[in-house]
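All remarks here apply to the structure that follows.
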Amino acid sequence: MIISIHQPAYLPWLGYFDKIQRSDYFIYLDSVQLEKNSYSYTYRNKIKTPQGSTWLTIPLKTKGYTTNSIRDIRIDNSQHWKKKHLKNIFFNYKKAKFFDEVYPKIALLYEVDFDFFSDLAYQHMVFWLKEFNINTKIVKSSTLNIESKKSDLVLDLCSNFRASKYLSGALGKDYLKEGGFDHHHIKIEYQNYRHPVYRQVNGEFLPYMGIVDFWMNTHDVELITGE
C-alpha cells in the first residue's frame, strides 16, 4: 500500500500529480495550518506568458489566515479574482494546441463559487484527476481523528492506512524521523521528479508551471510521471 500526502494546492505543478498517480491513497492534508512563508504554492501558482511566468493568486481573508487550519480559511471573493485569472489564462494560452478544446471546461469550472479555499482546491483537484484519468483514492485528513504534528502526523496517517511505503516530497528529508517509519516497516521513498519537456506557447520552455500550462499544450498524460 503506497501513501502520499500533500496540502491543498491551486493549479498544482506536475510533480503533485505524479505523487498522486503513483499512490494507492492520497491524503489531502487540509487539517494543518497554512504555510507562512512567501514561497508557498498552496493558494497560488504560475502560468507562462510571452514575458516569462506570472503568478495567479487566490486572495484569502486575513482573519485566521495564519492560525486556522487550511480547511477553515476563507476566500476573499470581493476581489473578483476568478475573472482576472480566466482573463490571464485566455490571453496567454489562446494559441495553445488544445485551447479551443479545453478552455470551455475551465471556464465552467470557474463559474462555481466557493467560500472556503480548501473546498475550491479539492474540487479543482478532482477536475484535474478526471482529465488525466488518475483514479487514486483521495481522503481528506480532516475526516480522520489524527491530531499529531509533522513527522508523527505523517507516520500516523501512513499507519492508519497500513501503508508499506510512503511517497514523500524531496523536502521530507528535512523533517521526517525515518527511524519511526523503519520501526513500523514503512519504507520512505523520496520523490525525485524529472520534469518533462513539452511544446509550449510563448517562447522557450519553462518548467514548473501550474497544471493548466501542461493541459493547454499537451494531452500526453504519460509525461506526468517524468520518466
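Residue numbering restarts at 1 in every chain; chains get A, B, ... in the order shown in the C-alpha cells, and ligands count up from 1 in that same order.
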Contacts of A:Arg71 at 8 Å (only C-alpha atoms; same-chain gap of 6+ positions) as a list of chain:residue names:
A:Asp30, A:Ser31, A:Phe116, A:Phe117, A:Ser118, A:Asp119, A:Ser142
Compile the contact shell of A:Ile73 as a PyMOL selection string: residues with an atom at most 10 Å away, counting only C-alpha atoms, same-chain residues fewer than 3 positions apart removed.
chain A and resi 33-34+60-70+76+115-119
Could you give me, as JSON, numbers by chain, the residues within 12 Å of stretch 146-156 of chain A, counting only C-alpha atoms and dropping anything in the same chain fewer than 4 positions from it?
{"A": [3, 4, 5, 6, 7, 26, 27, 28, 29, 30, 31, 32, 33, 69, 140, 141, 142, 160, 161, 162, 163, 164, 165, 166, 167, 168, 169, 171, 172, 173, 174, 175, 176, 177, 178, 179, 180, 181, 182, 183, 184, 185, 186, 187, 188]}
Could you check the closest approach to A:Gly52 for each of A:Tyr103, A:Tyr190, A:Phe214, A:Phe205 and tell me which residue wins, using only C-alpha atoms?
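When distances to A:Gly52 are compared using only C-alpha atoms, the smallest one comes from A:Phe205.
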Hey, what does DSSP flag as alpha helix (DSSP H) within chain A? Can you give it to me as number ranges by chain?
A: 14-21, 81-93, 99-109, 117-131, 150-160, 178-183, 211-217
Rank A:Glu101, A:Asn135, A:Lys83, A:Thr225 by their smallest atom-to-atom distance to A:Arg194, using only C-alpha atoms, and report the top residue only.
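Going through A:Glu101, A:Asn135, A:Lys83, A:Thr225 one by one, the smallest distance to A:Arg194 is for A:Thr225.
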DSSP strand (DSSP E or B) residues within stretch 49-216 of chain A, listed as a short mmCIF file (atom, residue, chain, number, x, y, z; two decimals) with all heavy atoms, in the first residue's frame:
```
data_model
loop_
_atom_site.label_atom_id
_atom_site.label_comp_id
_atom_site.auth_asym_id
_atom_site.auth_seq_id
_atom_site.Cartn_x
_atom_site.Cartn_y
_atom_site.Cartn_z
N THR A 49 3.75 33.31 -19.82
CA THR A 49 3.37 34.46 -20.65
C THR A 49 4.51 34.73 -21.64
O THR A 49 5.60 34.17 -21.50
CB THR A 49 3.14 35.71 -19.79
OG1 THR A 49 4.41 36.29 -19.45
CG2 THR A 49 2.36 35.39 -18.52
N GLY A 52 7.62 35.63 -19.76
CA GLY A 52 8.09 34.70 -18.74
C GLY A 52 6.90 34.17 -17.96
O GLY A 52 5.83 33.96 -18.51
N SER A 53 7.08 33.96 -16.67
CA SER A 53 5.98 33.44 -15.86
C SER A 53 5.32 34.56 -15.07
O SER A 53 5.91 35.61 -14.82
CB SER A 53 6.50 32.37 -14.89
OG SER A 53 7.41 32.93 -13.96
N THR A 54 4.06 34.32 -14.68
CA THR A 54 3.34 35.25 -13.82
C THR A 54 2.52 34.45 -12.83
O THR A 54 2.13 33.30 -13.10
CB THR A 54 2.44 36.20 -14.63
OG1 THR A 54 1.96 37.24 -13.78
CG2 THR A 54 1.25 35.47 -15.23
N TRP A 55 2.26 35.03 -11.66
CA TRP A 55 1.51 34.35 -10.62
C TRP A 55 0.02 34.55 -10.79
O TRP A 55 -0.44 35.64 -11.12
CB TRP A 55 1.90 34.90 -9.24
CG TRP A 55 3.27 34.54 -8.78
CD1 TRP A 55 4.38 35.32 -8.82
CD2 TRP A 55 3.68 33.31 -8.16
NE1 TRP A 55 5.46 34.66 -8.29
CE2 TRP A 55 5.06 33.42 -7.88
CE3 TRP A 55 3.01 32.13 -7.84
CZ2 TRP A 55 5.77 32.39 -7.28
CZ3 TRP A 55 3.72 31.11 -7.23
CH2 TRP A 55 5.09 31.24 -6.96
N LEU A 56 -0.75 33.49 -10.53
CA LEU A 56 -2.19 33.59 -10.32
C LEU A 56 -2.42 33.25 -8.86
O LEU A 56 -2.14 32.14 -8.41
CB LEU A 56 -2.95 32.60 -11.23
CG LEU A 56 -2.83 32.82 -12.73
CD1 LEU A 56 -3.73 31.83 -13.47
CD2 LEU A 56 -3.18 34.25 -13.13
N THR A 57 -2.93 34.21 -8.10
CA THR A 57 -3.05 34.08 -6.65
C THR A 57 -4.50 34.22 -6.22
O THR A 57 -5.19 35.17 -6.62
CB THR A 57 -2.21 35.16 -5.94
OG1 THR A 57 -0.85 35.04 -6.35
CG2 THR A 57 -2.30 35.02 -4.43
N LEU A 60 -7.01 35.58 -0.02
CA LEU A 60 -7.60 34.96 1.16
C LEU A 60 -7.95 36.02 2.19
O LEU A 60 -7.27 37.04 2.29
CB LEU A 60 -6.60 33.96 1.78
CG LEU A 60 -6.08 32.87 0.84
CD1 LEU A 60 -5.08 31.99 1.57
CD2 LEU A 60 -7.22 32.03 0.28
N SER A 69 -6.69 26.14 10.57
CA SER A 69 -6.31 25.08 9.64
C SER A 69 -6.75 25.47 8.24
O SER A 69 -7.63 26.33 8.06
CB SER A 69 -6.95 23.75 10.05
OG SER A 69 -8.36 23.86 10.02
N ARG A 74 -10.99 31.25 4.49
CA ARG A 74 -11.97 31.73 3.52
C ARG A 74 -11.31 32.51 2.38
O ARG A 74 -10.28 33.14 2.56
CB ARG A 74 -13.01 32.62 4.21
CG ARG A 74 -13.91 31.88 5.19
CD ARG A 74 -14.90 32.82 5.86
NE ARG A 74 -15.79 32.12 6.77
CZ ARG A 74 -16.96 31.59 6.41
NH1 ARG A 74 -17.38 31.70 5.15
NH2 ARG A 74 -17.71 30.97 7.30
N ILE A 75 -11.96 32.48 1.24
CA ILE A 75 -11.53 33.23 0.07
C ILE A 75 -12.14 34.63 0.13
O ILE A 75 -13.30 34.80 0.51
CB ILE A 75 -11.99 32.52 -1.22
CG1 ILE A 75 -11.39 31.12 -1.30
CG2 ILE A 75 -11.59 33.34 -2.45
CD1 ILE A 75 -11.98 30.28 -2.43
N PHE A 116 -14.72 28.70 0.97
CA PHE A 116 -13.51 28.19 1.61
C PHE A 116 -12.50 27.72 0.57
O PHE A 116 -12.84 27.00 -0.37
CB PHE A 116 -13.85 27.03 2.55
CG PHE A 116 -14.65 27.45 3.75
CD1 PHE A 116 -16.04 27.39 3.72
CD2 PHE A 116 -14.03 27.92 4.90
CE1 PHE A 116 -16.79 27.78 4.82
CE2 PHE A 116 -14.77 28.32 6.00
CZ PHE A 116 -16.15 28.25 5.96
N LYS A 137 -7.38 6.76 -4.82
CA LYS A 137 -8.38 7.09 -3.80
C LYS A 137 -7.91 8.30 -3.00
O LYS A 137 -6.76 8.35 -2.56
CB LYS A 137 -8.60 5.89 -2.88
CG LYS A 137 -9.21 4.69 -3.61
CD LYS A 137 -9.37 3.50 -2.69
CE LYS A 137 -9.94 2.31 -3.44
NZ LYS A 137 -10.05 1.10 -2.57
N ILE A 138 -8.79 9.27 -2.79
CA ILE A 138 -8.47 10.51 -2.10
C ILE A 138 -9.19 10.55 -0.75
O ILE A 138 -10.39 10.26 -0.68
CB ILE A 138 -8.89 11.74 -2.94
CG1 ILE A 138 -8.40 11.62 -4.39
CG2 ILE A 138 -8.40 13.02 -2.27
CD1 ILE A 138 -6.91 11.60 -4.55
N VAL A 139 -8.45 10.90 0.30
CA VAL A 139 -9.04 11.02 1.64
C VAL A 139 -8.61 12.36 2.23
O VAL A 139 -7.42 12.70 2.22
CB VAL A 139 -8.58 9.88 2.56
CG1 VAL A 139 -9.17 10.07 3.96
CG2 VAL A 139 -8.98 8.52 1.99
N LYS A 140 -9.56 13.12 2.76
CA LYS A 140 -9.24 14.37 3.44
C LYS A 140 -8.77 14.06 4.87
O LYS A 140 -9.44 13.32 5.60
CB LYS A 140 -10.47 15.28 3.50
CG LYS A 140 -10.93 15.81 2.15
CD LYS A 140 -12.13 16.73 2.33
CE LYS A 140 -12.59 17.30 1.00
NZ LYS A 140 -13.76 18.21 1.16
N LYS A 165 4.62 1.72 2.06
CA LYS A 165 5.53 2.72 1.51
C LYS A 165 4.89 4.10 1.61
O LYS A 165 3.70 4.27 1.35
CB LYS A 165 5.88 2.44 0.05
CG LYS A 165 6.84 3.45 -0.58
CD LYS A 165 6.99 3.24 -2.08
CE LYS A 165 7.73 1.96 -2.41
NZ LYS A 165 8.01 1.86 -3.87
N TYR A 166 5.72 5.08 2.00
CA TYR A 166 5.29 6.48 1.98
C TYR A 166 6.07 7.21 0.91
O TYR A 166 7.30 7.24 0.93
CB TYR A 166 5.51 7.15 3.33
CG TYR A 166 5.30 8.64 3.29
CD1 TYR A 166 4.10 9.18 2.82
CD2 TYR A 166 6.29 9.53 3.70
CE1 TYR A 166 3.90 10.55 2.76
CE2 TYR A 166 6.10 10.91 3.65
CZ TYR A 166 4.90 11.40 3.18
OH TYR A 166 4.70 12.75 3.12
N LEU A 167 5.36 7.78 -0.06
CA LEU A 167 5.98 8.55 -1.14
C LEU A 167 6.03 10.00 -0.71
O LEU A 167 5.01 10.70 -0.68
CB LEU A 167 5.19 8.38 -2.44
CG LEU A 167 5.71 9.13 -3.66
CD1 LEU A 167 7.15 8.75 -3.98
CD2 LEU A 167 4.81 8.86 -4.87
N SER A 168 7.21 10.47 -0.34
CA SER A 168 7.39 11.81 0.21
C SER A 168 7.94 12.76 -0.83
O SER A 168 8.66 12.36 -1.76
CB SER A 168 8.37 11.74 1.39
OG SER A 168 8.74 13.04 1.82
N LYS A 187 8.46 1.84 4.32
CA LYS A 187 9.58 2.36 3.53
C LYS A 187 9.27 3.79 3.07
O LYS A 187 8.16 4.07 2.64
CB LYS A 187 9.83 1.48 2.31
CG LYS A 187 10.96 1.96 1.41
CD LYS A 187 11.12 1.06 0.20
CE LYS A 187 12.23 1.59 -0.72
NZ LYS A 187 12.38 0.73 -1.93
N ILE A 188 10.25 4.67 3.19
CA ILE A 188 10.10 6.04 2.67
C ILE A 188 10.79 6.13 1.32
O ILE A 188 11.97 5.77 1.19
CB ILE A 188 10.70 7.07 3.63
CG1 ILE A 188 10.02 7.03 4.99
CG2 ILE A 188 10.57 8.48 3.02
CD1 ILE A 188 10.65 7.97 6.02
N GLU A 189 10.06 6.59 0.34
CA GLU A 189 10.66 6.89 -0.97
C GLU A 189 10.53 8.39 -1.21
O GLU A 189 9.42 8.93 -1.20
CB GLU A 189 9.97 6.13 -2.09
CG GLU A 189 10.53 6.45 -3.47
CD GLU A 189 9.80 5.75 -4.60
OE1 GLU A 189 9.12 4.73 -4.33
OE2 GLU A 189 9.89 6.22 -5.75
N TYR A 190 11.65 9.05 -1.42
CA TYR A 190 11.63 10.49 -1.67
C TYR A 190 11.47 10.74 -3.18
O TYR A 190 12.22 10.19 -3.99
CB TYR A 190 12.91 11.14 -1.15
CG TYR A 190 13.02 11.09 0.36
CD1 TYR A 190 13.84 10.16 0.99
CD2 TYR A 190 12.27 11.96 1.15
CE1 TYR A 190 13.92 10.10 2.37
CE2 TYR A 190 12.34 11.90 2.54
CZ TYR A 190 13.17 10.97 3.14
OH TYR A 190 13.24 10.91 4.51
#
```
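Here atom CA of A:Ile224 is placed at a distance of 25.5 Å from atom CA of A:Leu157.
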Go ahead and compute the interatomic distance for atom CA of A:Phe114 and atom CA of A:Trp128, in Å to one decimal.
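Value for the atom CA of A:Phe114-atom CA of A:Trp128 distance: 17.4 Å.
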Please measure the separation of atom CA of A:Phe90 and atom CA of A:Tyr110, giving the value in Å to one decimal.
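It comes out at 12.7 Å.
Considering the residues A:Leu120, A:Val102, A:Leu108, A:Val201 and counting only C-alpha atoms, A:Trp215 has its shortest atom-to-atom contact with A:Val102.
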Give me, as a PyMOL selection string, all polymer residues having an atom no more than 12 Å from A:Ile211, counting only C-alpha atoms and skipping those fewer than 4 positions away in the same chain.
chain A and resi 9-18+44-48+89+106+124-125+127-129+131-132+207+215-219+221+224
Take the residues from that selection and put them in a file with N, CA, C and O atoms, as a short mmCIF file (atom, residue, chain, number, x, y, z; two decimals), in the first residue's frame.
```cif
data_model
loop_
_atom_site.label_atom_id
_atom_site.label_comp_id
_atom_site.auth_asym_id
_atom_site.auth_seq_id
_atom_site.Cartn_x
_atom_site.Cartn_y
_atom_site.Cartn_z
N ALA A 9 -3.60 22.56 -3.00
CA ALA A 9 -2.81 23.44 -3.85
C ALA A 9 -3.66 23.90 -5.03
O ALA A 9 -4.44 23.13 -5.58
N TYR A 10 -3.47 25.14 -5.41
CA TYR A 10 -4.19 25.74 -6.53
C TYR A 10 -3.35 25.60 -7.79
O TYR A 10 -2.18 25.97 -7.81
N LEU A 11 -3.95 25.04 -8.83
CA LEU A 11 -3.25 24.80 -10.10
C LEU A 11 -1.88 24.13 -9.86
O LEU A 11 -0.84 24.65 -10.28
N PRO A 12 -1.86 22.98 -9.21
CA PRO A 12 -0.58 22.38 -8.82
C PRO A 12 0.32 22.07 -10.02
O PRO A 12 -0.15 21.89 -11.14
N TRP A 13 1.61 21.96 -9.74
CA TRP A 13 2.57 21.60 -10.78
C TRP A 13 2.48 20.09 -11.05
O TRP A 13 1.80 19.33 -10.35
N LEU A 14 3.19 19.63 -12.07
CA LEU A 14 3.10 18.23 -12.49
C LEU A 14 3.55 17.26 -11.41
O LEU A 14 3.02 16.16 -11.29
N GLY A 15 4.54 17.64 -10.61
CA GLY A 15 5.03 16.75 -9.57
C GLY A 15 3.95 16.37 -8.56
O GLY A 15 3.98 15.28 -7.98
N TYR A 16 3.01 17.25 -8.31
CA TYR A 16 1.88 16.99 -7.42
C TYR A 16 1.07 15.81 -7.93
O TYR A 16 0.71 14.90 -7.18
N PHE A 17 0.81 15.81 -9.24
CA PHE A 17 0.01 14.74 -9.83
C PHE A 17 0.82 13.46 -10.01
O PHE A 17 0.25 12.37 -10.00
N ASP A 18 2.12 13.59 -10.16
CA ASP A 18 2.97 12.40 -10.20
C ASP A 18 2.85 11.63 -8.88
O ASP A 18 2.72 10.41 -8.87
N ARG A 44 -1.52 29.76 -4.75
CA ARG A 44 -1.10 30.45 -5.97
C ARG A 44 -0.22 29.53 -6.80
O ARG A 44 0.34 28.55 -6.30
N ASN A 45 -0.13 29.84 -8.08
CA ASN A 45 0.80 29.13 -8.94
C ASN A 45 1.07 29.97 -10.19
O ASN A 45 0.50 31.05 -10.36
N LYS A 46 1.94 29.44 -11.04
CA LYS A 46 2.42 30.21 -12.18
C LYS A 46 1.83 29.71 -13.49
O LYS A 46 1.58 28.53 -13.67
N ILE A 47 1.64 30.65 -14.40
CA ILE A 47 1.37 30.32 -15.80
C ILE A 47 2.42 31.03 -16.66
O ILE A 47 3.11 31.93 -16.19
N LYS A 48 2.53 30.60 -17.90
CA LYS A 48 3.55 31.13 -18.80
C LYS A 48 2.98 32.26 -19.65
O LYS A 48 1.86 32.17 -20.16
N ILE A 89 -5.52 33.38 -18.29
CA ILE A 89 -5.42 32.09 -18.97
C ILE A 89 -5.82 32.23 -20.42
O ILE A 89 -5.15 31.70 -21.32
N ILE A 106 -12.59 24.84 -18.42
CA ILE A 106 -12.09 25.58 -17.27
C ILE A 106 -12.96 26.81 -16.99
O ILE A 106 -13.12 27.22 -15.84
N HIS A 124 -11.26 21.48 -7.65
CA HIS A 124 -10.38 21.66 -8.80
C HIS A 124 -9.48 20.45 -8.99
O HIS A 124 -9.25 19.99 -10.11
N MET A 125 -8.93 19.92 -7.88
CA MET A 125 -8.09 18.73 -7.97
C MET A 125 -8.85 17.55 -8.58
O MET A 125 -8.33 16.84 -9.45
N PHE A 127 -11.29 17.71 -10.59
CA PHE A 127 -11.41 18.01 -12.02
C PHE A 127 -10.16 17.58 -12.79
O PHE A 127 -10.25 16.90 -13.81
N TRP A 128 -8.97 17.97 -12.28
CA TRP A 128 -7.73 17.63 -12.99
C TRP A 128 -7.50 16.12 -13.00
O TRP A 128 -7.06 15.56 -14.02
N LEU A 129 -7.79 15.45 -11.90
CA LEU A 129 -7.60 14.00 -11.86
C LEU A 129 -8.49 13.30 -12.90
O LEU A 129 -8.06 12.34 -13.54
N GLU A 131 -9.55 14.68 -15.70
CA GLU A 131 -8.99 15.00 -17.01
C GLU A 131 -7.83 14.08 -17.39
O GLU A 131 -7.66 13.73 -18.55
N PHE A 132 -7.04 13.70 -16.39
CA PHE A 132 -5.85 12.88 -16.65
C PHE A 132 -6.07 11.40 -16.33
O PHE A 132 -5.13 10.62 -16.34
N PRO A 207 9.90 25.13 -17.16
CA PRO A 207 9.33 24.07 -16.32
C PRO A 207 8.64 24.65 -15.09
O PRO A 207 8.69 25.86 -14.84
N TRP A 215 -1.83 21.18 -19.52
CA TRP A 215 -3.15 20.81 -20.04
C TRP A 215 -3.47 21.54 -21.34
O TRP A 215 -4.08 20.97 -22.25
N MET A 216 -3.04 22.79 -21.44
CA MET A 216 -3.29 23.56 -22.65
C MET A 216 -2.39 23.13 -23.81
O MET A 216 -2.78 23.21 -24.97
N ASN A 217 -1.19 22.66 -23.48
CA ASN A 217 -0.18 22.41 -24.51
C ASN A 217 -0.04 20.97 -24.97
O ASN A 217 0.40 20.71 -26.09
N THR A 218 -0.37 20.02 -24.11
CA THR A 218 -0.23 18.61 -24.48
C THR A 218 -1.22 17.77 -23.69
O THR A 218 -1.55 18.11 -22.55
N HIS A 219 -1.66 16.68 -24.28
CA HIS A 219 -2.51 15.72 -23.58
C HIS A 219 -1.82 14.37 -23.46
O HIS A 219 -2.47 13.35 -23.27
N VAL A 221 -0.55 12.23 -21.27
CA VAL A 221 -0.57 12.06 -19.82
C VAL A 221 0.58 11.19 -19.31
O VAL A 221 0.92 11.24 -18.13
N ILE A 224 3.38 12.88 -17.36
CA ILE A 224 3.22 13.33 -15.98
C ILE A 224 4.20 12.61 -15.06
O ILE A 224 4.71 13.18 -14.09
#
```
